[in-house]
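Source file: coords.txt. Holds: compact mmCIF, C-alpha atoms.
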```txt
# COMPACT_ATOMS: atom_id res chain seq x y z
CA MET O 1 -39.37 -11.65 -35.88
CA SER O 2 -38.59 -12.53 -32.30
CA SER O 3 -40.89 -11.27 -29.57
CA TYR O 4 -39.54 -9.22 -26.65
CA THR O 5 -39.48 -10.52 -23.11
CA PRO O 6 -39.02 -7.88 -20.36
CA SER O 7 -36.99 -10.26 -18.20
CA SER O 8 -34.20 -10.40 -20.79
CA ALA O 9 -33.50 -6.67 -20.41
CA GLY O 10 -32.75 -6.76 -16.68
CA ARG O 11 -30.10 -4.36 -15.49
CA ARG O 12 -27.08 -5.64 -13.65
CA ARG O 13 -25.76 -2.95 -11.31
CA GLN O 14 -22.37 -2.97 -9.66
CA THR O 15 -22.38 -3.04 -5.90
CA THR O 16 -19.50 -0.58 -5.72
CA ARG O 17 -21.44 2.28 -7.32
CA THR O 18 -21.85 5.44 -5.29
CA ASP O 19 -25.18 6.80 -4.05
CA ALA O 20 -25.09 9.71 -6.50
CA GLU O 21 -24.70 7.34 -9.45
CA GLU O 22 -27.52 5.16 -8.10
CA ARG O 23 -29.85 8.15 -7.83
CA ALA O 24 -28.92 9.36 -11.32
CA LEU O 25 -29.51 5.94 -12.85
CA ASP O 26 -32.84 5.54 -11.01
CA ARG O 27 -33.97 8.95 -12.25
CA ILE O 28 -32.98 8.05 -15.83
CA SER O 29 -34.81 4.73 -15.53
CA ARG O 30 -37.98 6.38 -14.18
CA GLU O 31 -37.94 9.01 -16.94
CA ALA O 32 -37.47 6.32 -19.59
CA GLU O 33 -40.34 4.26 -18.18
CA ALA O 34 -42.58 7.35 -18.11
CA ARG O 35 -41.72 8.15 -21.74
CA SER O 36 -42.36 4.54 -22.74
CA LYS O 37 -45.74 4.58 -20.95
CA VAL O 38 -46.80 7.80 -22.71
CA LYS O 39 -45.69 6.40 -26.07
CA ARG O 40 -47.64 3.18 -25.48
CA GLU O 41 -50.79 5.09 -24.55
CA THR O 42 -50.43 7.34 -27.61
CA ARG O 43 -49.92 4.35 -29.89
CA GLU O 44 -52.90 2.58 -28.34
CA GLN O 45 -55.15 5.60 -28.95
CA ALA O 46 -53.88 5.94 -32.53
CA ARG O 47 -54.45 2.24 -33.14
CA GLN O 48 -58.01 2.43 -31.80
CA HIS O 49 -58.69 5.48 -33.96
CA ARG O 50 -57.30 3.77 -37.08
CA TYR O 51 -59.26 0.64 -36.26
CA THR O 52 -62.48 2.70 -36.01
CA LEU O 53 -61.77 4.48 -39.28
CA LEU O 54 -60.99 1.18 -40.98
CA GLU O 55 -64.24 -0.37 -39.73
CA LYS O 56 -66.17 2.66 -40.92
CA LYS O 57 -64.50 2.49 -44.33
CA VAL O 58 -65.21 -1.24 -44.63
CA GLU O 59 -68.84 -0.68 -43.72
CA GLU O 60 -69.11 2.11 -46.29
CA GLU O 61 -67.55 -0.06 -48.98
CA ALA O 62 -69.80 -2.96 -48.05
CA GLU O 63 -72.84 -0.67 -48.17
CA ALA O 64 -71.73 0.64 -51.55
CA TYR O 65 -71.32 -2.91 -52.82
CA ARG O 66 -74.73 -3.82 -51.48
CA GLN O 67 -76.27 -0.77 -53.12
CA ASP O 68 -74.51 -1.57 -56.40
CA ALA O 69 -75.64 -5.13 -56.11
CA ALA O 70 -79.19 -4.04 -55.37
CA SER O 71 -79.25 -1.62 -58.29
CA THR O 72 -77.69 -4.19 -60.56
CA SER O 73 -80.15 -6.87 -59.50
CA ASN O 74 -83.08 -4.45 -60.07
CA GLY O 75 -81.66 -3.50 -63.47
CA ILE O 76 -81.41 -7.11 -64.71
CA SER O 77 -84.70 -8.23 -63.22
CA HIS O 78 -83.29 -9.45 -59.84
CA SER O 79 -81.00 -12.13 -61.18
CA HIS O 80 -80.39 -14.73 -58.49
CA GLU O 81 -77.00 -15.74 -59.86
CA ALA O 82 -75.64 -12.17 -59.82
CA ASN O 83 -76.83 -11.71 -56.25
CA GLU O 84 -74.97 -14.80 -55.11
CA LYS O 85 -71.76 -13.61 -56.77
CA LEU O 86 -72.04 -10.24 -55.12
CA LYS O 87 -72.56 -11.85 -51.73
CA ASP O 88 -69.51 -14.06 -52.22
CA LYS O 89 -67.48 -11.05 -53.25
CA VAL O 90 -68.62 -9.12 -50.18
CA VAL O 91 -67.76 -12.03 -47.88
CA GLU O 92 -64.34 -12.39 -49.51
CA LEU O 93 -63.73 -8.68 -49.13
CA GLU O 94 -64.70 -8.79 -45.45
CA ASP O 95 -62.34 -11.73 -44.87
CA ARG O 96 -59.49 -9.84 -46.50
CA VAL O 97 -60.23 -6.77 -44.42
CA GLN O 98 -60.24 -8.84 -41.21
CA GLN O 99 -56.95 -10.50 -42.18
CA ALA O 100 -55.42 -7.12 -42.96
CA MET O 101 -56.64 -5.73 -39.62
CA PHE O 102 -55.25 -8.75 -37.76
CA LEU O 103 -51.92 -8.46 -39.55
CA TYR O 104 -51.80 -4.73 -38.87
CA SER O 105 -52.59 -5.29 -35.19
CA GLN O 106 -49.85 -7.94 -34.93
CA LEU O 107 -47.31 -5.68 -36.65
CA ASP O 108 -48.32 -2.80 -34.42
CA ASN O 109 -47.83 -4.95 -31.31
CA GLU O 110 -44.41 -6.07 -32.50
CA LYS O 111 -43.50 -2.47 -33.29
CA SER O 112 -44.56 -1.40 -29.78
CA ALA O 113 -42.50 -4.19 -28.22
CA LEU O 114 -39.48 -3.26 -30.32
CA LEU O 115 -39.83 0.42 -29.47
CA TYR O 116 -40.04 -0.48 -25.78
CA GLU O 117 -36.96 -2.66 -26.16
CA VAL O 118 -35.16 0.21 -27.91
CA ASP O 119 -36.03 2.51 -25.00
CA LEU O 120 -34.70 -0.03 -22.53
CA LEU O 121 -31.53 -0.42 -24.58
CA LYS O 122 -31.12 3.35 -24.62
CA ASP O 123 -31.46 3.45 -20.84
CA ASP O 124 -28.99 0.58 -20.49
CA LEU O 125 -26.66 2.37 -22.89
CA GLU O 126 -26.79 5.54 -20.79
CA GLU O 127 -26.09 3.48 -17.68
CA LYS O 128 -23.14 1.76 -19.34
CA GLU O 129 -21.77 5.12 -20.49
CA VAL O 130 -21.91 6.38 -16.89
CA LEU O 131 -20.14 3.22 -15.72
CA LEU O 132 -17.59 3.57 -18.49
CA SER O 133 -16.79 7.18 -17.54
CA THR O 134 -16.49 6.14 -13.89
CA SER O 135 -14.16 3.27 -14.80
CA GLN O 136 -12.05 5.54 -16.98
CA ARG O 137 -11.77 8.05 -14.14
CA GLU O 138 -10.75 5.28 -11.74
CA VAL O 139 -8.19 4.03 -14.27
CA ARG O 140 -6.72 7.53 -14.56
CA ASP O 141 -6.55 7.87 -10.76
CA LEU O 142 -4.92 4.44 -10.39
CA THR O 143 -2.46 5.23 -13.17
CA SER O 144 -1.40 8.50 -11.52
CA GLU O 145 -1.10 6.76 -8.15
CA VAL O 146 1.03 3.99 -9.68
CA LYS O 147 3.30 6.59 -11.28
CA SER O 148 3.66 8.33 -7.92
CA LEU O 149 4.52 5.04 -6.21
CA LYS O 150 7.06 4.25 -8.92
CA ARG O 151 8.72 7.63 -8.37
CA THR O 152 8.79 6.97 -4.63
CA ILE O 153 10.34 3.53 -5.21
CA GLU O 154 12.96 5.06 -7.49
CA THR O 155 13.79 7.59 -4.76
CA MET O 156 14.03 4.86 -2.12
CA THR O 157 16.16 2.73 -4.45
CA LEU O 158 18.52 5.67 -4.97
CA THR O 159 18.68 6.21 -1.20
CA GLN O 160 19.42 2.53 -0.67
CA SER O 161 22.19 2.66 -3.29
CA ASN O 162 23.70 5.70 -1.58
CA LEU O 163 23.59 3.91 1.78
CA LYS O 164 25.30 0.87 0.26
CA ILE O 165 27.98 3.13 -1.20
CA GLU O 166 28.49 4.80 2.19
CA ILE O 167 28.75 1.42 3.91
CA ALA O 168 31.28 0.27 1.31
CA GLN O 169 33.29 3.46 1.85
CA ARG O 170 33.14 2.92 5.61
CA ASP O 171 34.39 -0.66 5.24
CA HIS O 172 37.15 0.55 2.91
CA LEU O 173 38.24 3.22 5.40
CA ILE O 174 38.20 0.69 8.22
CA GLN O 175 40.33 -1.73 6.21
CA GLU O 176 42.64 1.03 4.97
CA ASN O 177 43.30 2.33 8.49
CA GLY O 178 43.89 -1.15 9.86
CA LEU O 179 40.82 -1.12 12.10
CA VAL O 180 38.68 -4.04 13.19
CA LEU O 181 34.91 -4.27 13.76
CA VAL O 182 34.08 -6.22 16.91
CA GLU O 183 30.53 -7.39 17.66
CA GLN O 184 29.32 -6.18 21.04
CA GLU O 185 27.70 -8.75 23.26
CA ASN O 186 24.32 -8.15 24.90
CA GLU O 187 24.43 -7.23 28.53
CA GLU O 188 23.26 -9.73 31.06
CA PRO O 189 19.67 -9.41 32.31
CA SER O 190 20.93 -8.98 35.89
CA ASN O 191 22.76 -5.80 34.89
CA GLN O 192 19.64 -4.30 33.36
CA SER O 193 17.18 -5.32 36.06
CA GLY O 194 18.18 -2.32 38.15
CA ASP O 195 17.51 0.17 35.32
CA SER O 196 15.02 2.77 36.57
CA ASN O 197 13.71 3.48 33.05
CA GLY O 198 12.51 -0.10 32.60
CA SER O 199 14.27 -0.65 29.26
CA SER O 200 13.96 -4.05 27.57
CA ASN O 201 16.69 -6.71 27.89
CA ASN O 202 16.88 -7.58 24.20
CA VAL O 203 18.51 -4.33 23.05
CA LYS O 204 20.45 -4.82 19.83
CA HIS O 205 23.98 -3.42 20.02
CA GLY O 206 25.97 -2.53 16.96
CA PRO O 207 29.59 -3.47 16.31
CA ILE O 208 32.45 -1.50 17.85
CA LEU O 209 35.48 -0.28 15.92
CA PHE O 210 38.98 -0.79 17.35
CA SER O 211 42.41 -0.22 15.95
CA GLN O 212 44.91 -3.05 15.75
CA GLU O 213 47.21 -1.26 18.20
CA THR O 214 44.41 -0.93 20.75
CA LEU O 215 43.55 -4.62 20.45
CA LYS O 216 47.21 -5.62 20.80
CA LEU O 217 47.63 -3.35 23.81
CA VAL O 218 44.51 -4.76 25.49
CA GLU O 219 45.66 -8.30 24.68
CA ARG O 220 49.10 -7.58 26.14
CA VAL O 221 47.73 -6.05 29.32
CA VAL O 222 44.95 -8.64 29.79
CA PRO O 223 45.93 -11.88 28.02
CA GLY O 224 43.52 -14.76 27.68
CA SER O 225 40.66 -16.10 25.55
CA SER O 226 37.89 -14.02 27.14
CA SER O 227 35.78 -11.54 25.18
CA LEU O 228 36.77 -7.93 24.58
CA ASP O 229 34.08 -6.62 26.94
CA GLU O 230 35.41 -8.79 29.76
CA LYS O 231 38.96 -7.61 29.09
CA ILE O 232 37.87 -3.95 29.21
CA ARG O 233 36.02 -4.62 32.46
CA LYS O 234 39.18 -6.21 33.84
CA LEU O 235 41.15 -3.12 32.80
CA VAL O 236 38.67 -0.92 34.64
CA ASP O 237 38.90 -3.16 37.73
CA ILE O 238 42.71 -3.12 37.56
CA ASN O 239 42.63 0.66 37.26
CA LYS O 240 40.43 0.96 40.34
CA LYS O 241 42.64 -1.47 42.25
CA MET O 242 45.80 0.37 41.27
CA ARG O 243 44.29 3.68 42.30
CA LYS O 244 43.51 2.14 45.64
CA ASP O 245 47.06 0.77 45.89
CA VAL O 246 48.48 4.18 44.98
CA GLU O 247 46.41 5.81 47.69
CA GLU O 248 47.62 3.20 50.18
CA MET O 249 51.22 3.71 49.03
CA GLU O 250 50.90 7.47 49.36
CA GLN O 251 49.51 6.98 52.84
CA SER O 252 52.36 4.59 53.65
CA ILE O 253 54.94 7.03 52.23
CA TYR O 254 53.45 9.82 54.24
CA SER O 255 53.64 7.67 57.37
CA SER O 256 57.23 6.68 56.51
CA LYS O 257 58.19 10.30 55.97
CA MET O 258 56.69 11.24 59.29
CA SER O 259 58.46 8.30 60.98
CA ARG O 260 61.72 9.16 59.23
CA ALA O 261 61.43 12.78 60.28
CA ASN O 262 60.81 11.74 63.85
CA GLN O 263 63.73 9.30 63.76
CA HIS O 264 65.96 11.91 62.14
CA ASN O 265 65.08 14.41 64.79
CA SER O 266 65.65 11.77 67.45
CA ALA O 267 69.00 10.80 65.87
CA ILE O 268 70.11 14.41 65.71
CA ALA O 269 69.09 14.84 69.27
CA ASN O 270 70.97 11.70 70.26
CA GLY O 271 73.95 12.73 68.14
CA GLY O 272 73.89 9.75 65.71
CA GLN O 273 71.96 7.52 63.37
CA ASP O 274 71.12 3.91 63.97
CA GLU O 275 70.43 0.99 61.69
CA ALA O 276 66.65 1.53 61.72
CA SER O 277 66.93 4.86 59.93
CA LYS O 278 68.92 3.21 57.10
CA ASP O 279 66.27 0.52 56.63
CA SER O 280 63.55 3.15 56.63
CA ALA O 281 65.35 5.15 53.95
CA LYS O 282 65.76 2.05 51.82
CA GLN O 283 62.05 1.20 52.15
CA VAL O 284 61.09 4.75 51.24
CA ALA O 285 63.24 4.58 48.08
CA ASP O 286 61.67 1.26 47.08
CA LEU O 287 58.18 2.61 47.69
CA LYS O 288 58.92 5.71 45.61
CA PHE O 289 60.12 3.56 42.71
CA LYS O 290 57.05 1.31 42.93
CA LEU O 291 54.82 4.35 43.14
CA GLN O 292 56.36 5.85 40.02
CA GLU O 293 55.97 2.56 38.13
CA ALA O 294 52.35 2.23 39.30
CA GLU O 295 51.54 5.81 38.32
CA ARG O 296 53.08 5.37 34.89
CA GLU O 297 51.22 2.11 34.26
CA ASN O 298 48.02 3.64 35.61
CA THR O 299 48.41 6.60 33.25
CA ASN O 300 48.90 4.28 30.28
CA LEU O 301 45.87 2.20 31.23
CA GLN O 302 43.72 5.29 31.71
CA GLY O 303 44.73 6.55 28.26
CA VAL O 304 43.89 3.17 26.72
CA VAL O 305 40.52 3.07 28.48
CA ILE O 306 39.64 6.64 27.48
CA ARG O 307 40.59 6.09 23.83
CA THR O 308 38.76 2.78 23.76
CA GLU O 309 35.60 4.24 25.26
CA GLY O 310 35.67 7.19 22.84
CA GLN O 311 36.11 4.92 19.85
CA MET O 312 33.39 2.63 21.13
CA LYS O 313 30.89 5.46 21.50
CA ARG O 314 31.74 7.10 18.18
CA TYR O 315 31.75 3.98 16.02
CA LYS O 316 28.80 2.48 17.82
CA GLN O 317 26.75 5.60 17.10
CA ASN O 318 27.82 5.65 13.43
CA CYS O 319 27.07 1.96 12.96
CA GLU O 320 23.68 2.19 14.66
CA THR O 321 22.72 5.21 12.55
CA ALA O 322 23.76 3.53 9.29
CA GLU O 323 22.02 0.26 10.17
CA LYS O 324 18.87 2.08 11.22
CA GLU O 325 18.75 4.04 7.96
CA LEU O 326 19.39 0.90 5.92
CA THR O 327 16.69 -1.03 7.79
CA GLU O 328 14.18 1.78 7.34
CA ALA O 329 15.02 2.04 3.64
CA LYS O 330 14.55 -1.71 3.15
CA SER O 331 11.26 -1.67 5.06
CA GLU O 332 9.92 1.28 3.08
CA THR O 333 11.05 -0.33 -0.17
CA ARG O 334 9.22 -3.57 0.67
CA GLN O 335 6.10 -1.63 1.66
CA LEU O 336 6.17 0.43 -1.53
CA LYS O 337 6.69 -2.67 -3.68
CA LYS O 338 3.71 -4.31 -1.99
CA GLU O 339 1.57 -1.22 -2.53
CA ILE O 340 2.55 -0.95 -6.18
CA ARG O 341 1.70 -4.62 -6.72
CA ASP O 342 -1.74 -4.02 -5.20
CA LYS O 343 -2.24 -0.91 -7.33
CA GLU O 344 -1.16 -2.76 -10.48
CA ASN O 345 -3.61 -5.56 -9.71
CA ALA O 346 -6.39 -3.02 -9.16
CA LEU O 347 -5.39 -1.27 -12.39
CA ASP O 348 -5.53 -4.56 -14.31
CA GLU O 349 -8.97 -5.30 -12.89
CA ALA O 350 -10.16 -1.82 -13.80
CA LYS O 351 -8.80 -2.24 -17.34
CA GLU O 352 -10.58 -5.59 -17.69
CA THR O 353 -13.84 -4.02 -16.48
CA ASN O 354 -13.34 -1.09 -18.83
CA LYS O 355 -12.68 -3.44 -21.74
CA HIS O 356 -15.77 -5.49 -20.92
CA LEU O 357 -17.92 -2.36 -20.66
CA GLN O 358 -16.57 -1.03 -23.96
CA SER O 359 -17.37 -4.31 -25.72
CA ARG O 360 -20.90 -4.25 -24.33
CA LEU O 361 -21.26 -0.59 -25.31
CA GLU O 362 -20.16 -1.39 -28.88
CA LYS O 363 -22.66 -4.25 -28.97
CA TYR O 364 -25.49 -1.97 -27.83
CA ARG O 365 -24.49 0.67 -30.36
CA THR O 366 -24.49 -1.95 -33.12
CA GLN O 367 -27.94 -3.17 -32.09
CA ARG O 368 -29.16 0.41 -31.92
CA ALA O 369 -27.80 1.25 -35.37
CA ARG O 370 -29.31 -1.91 -36.90
CA PRO O 371 -32.57 -1.10 -38.79
CA LEU O 372 -35.71 -2.42 -37.11
```
When written as structure tokens, how does the structure in this file appear?
Amino acid sequence: MSSYTPSSAGRRRQTTRTDAEERALDRISREAEARSKVKRETREQARQHRYTLLEKKVEEEAEAYRQDAASTSNGISHSHEANEKLKDKVVELEDRVQQAMFLYSQLDNEKSALLYEVDLLKDDLEEKEVLLSTSQREVRDLTSEVKSLKRTIETMTLTQSNLKIEIAQRDHLIQENGLVLVEQENEEPSNQSGDSNGSSNNVKHGPILFSQETLKLVERVVPGSSSLDEKIRKLVDINKKMRKDVEEMEQSIYSSKMSRANQHNSAIANGGQDEASKDSAKQVADLKFKLQEAERENTNLQGVVIRTEGQMKRYKQNCETAEKELTEAKSETRQLKKEIRDKENALDEAKETNKHLQSRLEKYRTQRARPL
């Protein structure tokens, strides 16, 4: 039978255990040690008592043998040979008693060591049961959290699918209506340096939606290989210039009318018209025609600019909203996938720990159920 070494029953505690579990395990360990100490003292007292009784019994038996030997030796006239035999028998009996006492003491020591080992194994078993319940609770919590994350990922995936469907419908409507998406260029840093709000220069602009007719009209009015933004700026500049020209023409017409009225009055007063009044009338007619043409072209350009700006604002806002929602959905999906991977890894580790603790618990139960 193998002897027990206290160092082989050392407890390995996890560093992640809470303070309450530490206090509970320390209290259980102290109570087990106190019970073991009381049991050892009780066994020691019982062993001493049995040893005393055994010595007393041996002495009584030896005294009885000596008395029998003395009476026998007196009865047969003190035979020397019988006395020697009795002495040998007494010595042999004493040797047997000593061997029995030594064997009993050794067995009692082994029994005490085994009982102490059983107490330690019971304490370790209680500790492992606490750890097992804690691990099972953590596994349940991790499992519920993983399920929640999976539901969130399913919701985000559904949202992403809906956004993709909406984008596909938008593209289909754009293609069906003969529209064109045009990427908007970033504004130059010099244009944004005077912004009082201090906005950043690297603002991302979404695409702008134009109809084919609008693009053709802009291309016809402002031909060339420049970008669409530059062409629209040119249209705005042309509009401003034409407004200025119209104002100048109106001023010139007003001056011509005043001059014509003065000349007409002078001609009536003089009783005739001269060649200058004819030239003035011709110039006025030409200026009226040019003014009408300029006003008509200005009206067309203003309509084009207004429609273009409205379409730009509307489609830019729609595109930015859709892209922002899609970007947020992708970001949240990546974050949730990362979190669920971490939770699955933690769940696997908890399952491995639980499996290891269960195997150790089964081993301790087997050792406990094995007869001593």
Computed gap from atom CA of O:Ile153 to atom CA of O:Leu336 is 6.4 Å
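In this comparison, which uses only C-alpha atoms, the residue of O:Val130, O:Ala322, O:Ala350, O:Val304 approaching O:Lys164 most closely is O:Ala322.
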Could you please determine the separation between atom CA of O:Asn162 and atom CA of O:Glu323 in Å, to one decimal place? 13.1 Å
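Shortest atom-to-atom contact with O:Thr353 among O:Glu138, O:Glu295, O:Glu166, O:Asp237: O:Glu138, counting all atoms listed in the file.
Note that the spacing between atom CA of O:Ala34 and atom CA of O:Gln358 amounts to 27.9 Å.
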Proximity to O:Gln335 - best of O:Leu149, O:Ile238, O:Met249, O:Ala100, all atoms listed in the file: O:Leu149
Produce the centre coordinates and the three edge lengths, each in Å to one decimal, of the box along x, y and z that contains all listed atoms of stretch 284-287 of chain O with 8 Å added on each side, as AutoDock Vina command-line options.
```
--center_x 60.7 --center_y 3.0 --center_z 49.2 --size_x 21.1 --size_y 19.5 --size_z 20.2
```
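Using all atoms listed in the file, the nearest neighbour of O:Thr155 within the list O:Leu361, O:Met242, O:Ala329, O:Leu54 is O:Ala329.
Residues having any atom no farther than 12 Å from (48.5, 5.7, 49.2) (counting all atoms listed in the file) are Lys241, Met242, Arg243, Lys244, Asp245, Val246, Glu247, Glu248, Met249, Glu250, Gln251, Ser252, Ile253, Tyr254, Ser255, Ser256, Leu287, Lys288, Lys290, Leu291, Ala294 and Glu295 of chain O.
Nearest residue to O:Gln98 among O:Lys231, O:Ala64, O:Lys122, O:Tyr51 is O:Tyr51, counting all atoms listed in the file.
The smallest atom-to-atom distance between O:Glu94 and any of O:Lys330, O:Lys57, O:Arg296, O:Arg365, using only C-alpha atoms, is found for O:Lys57.
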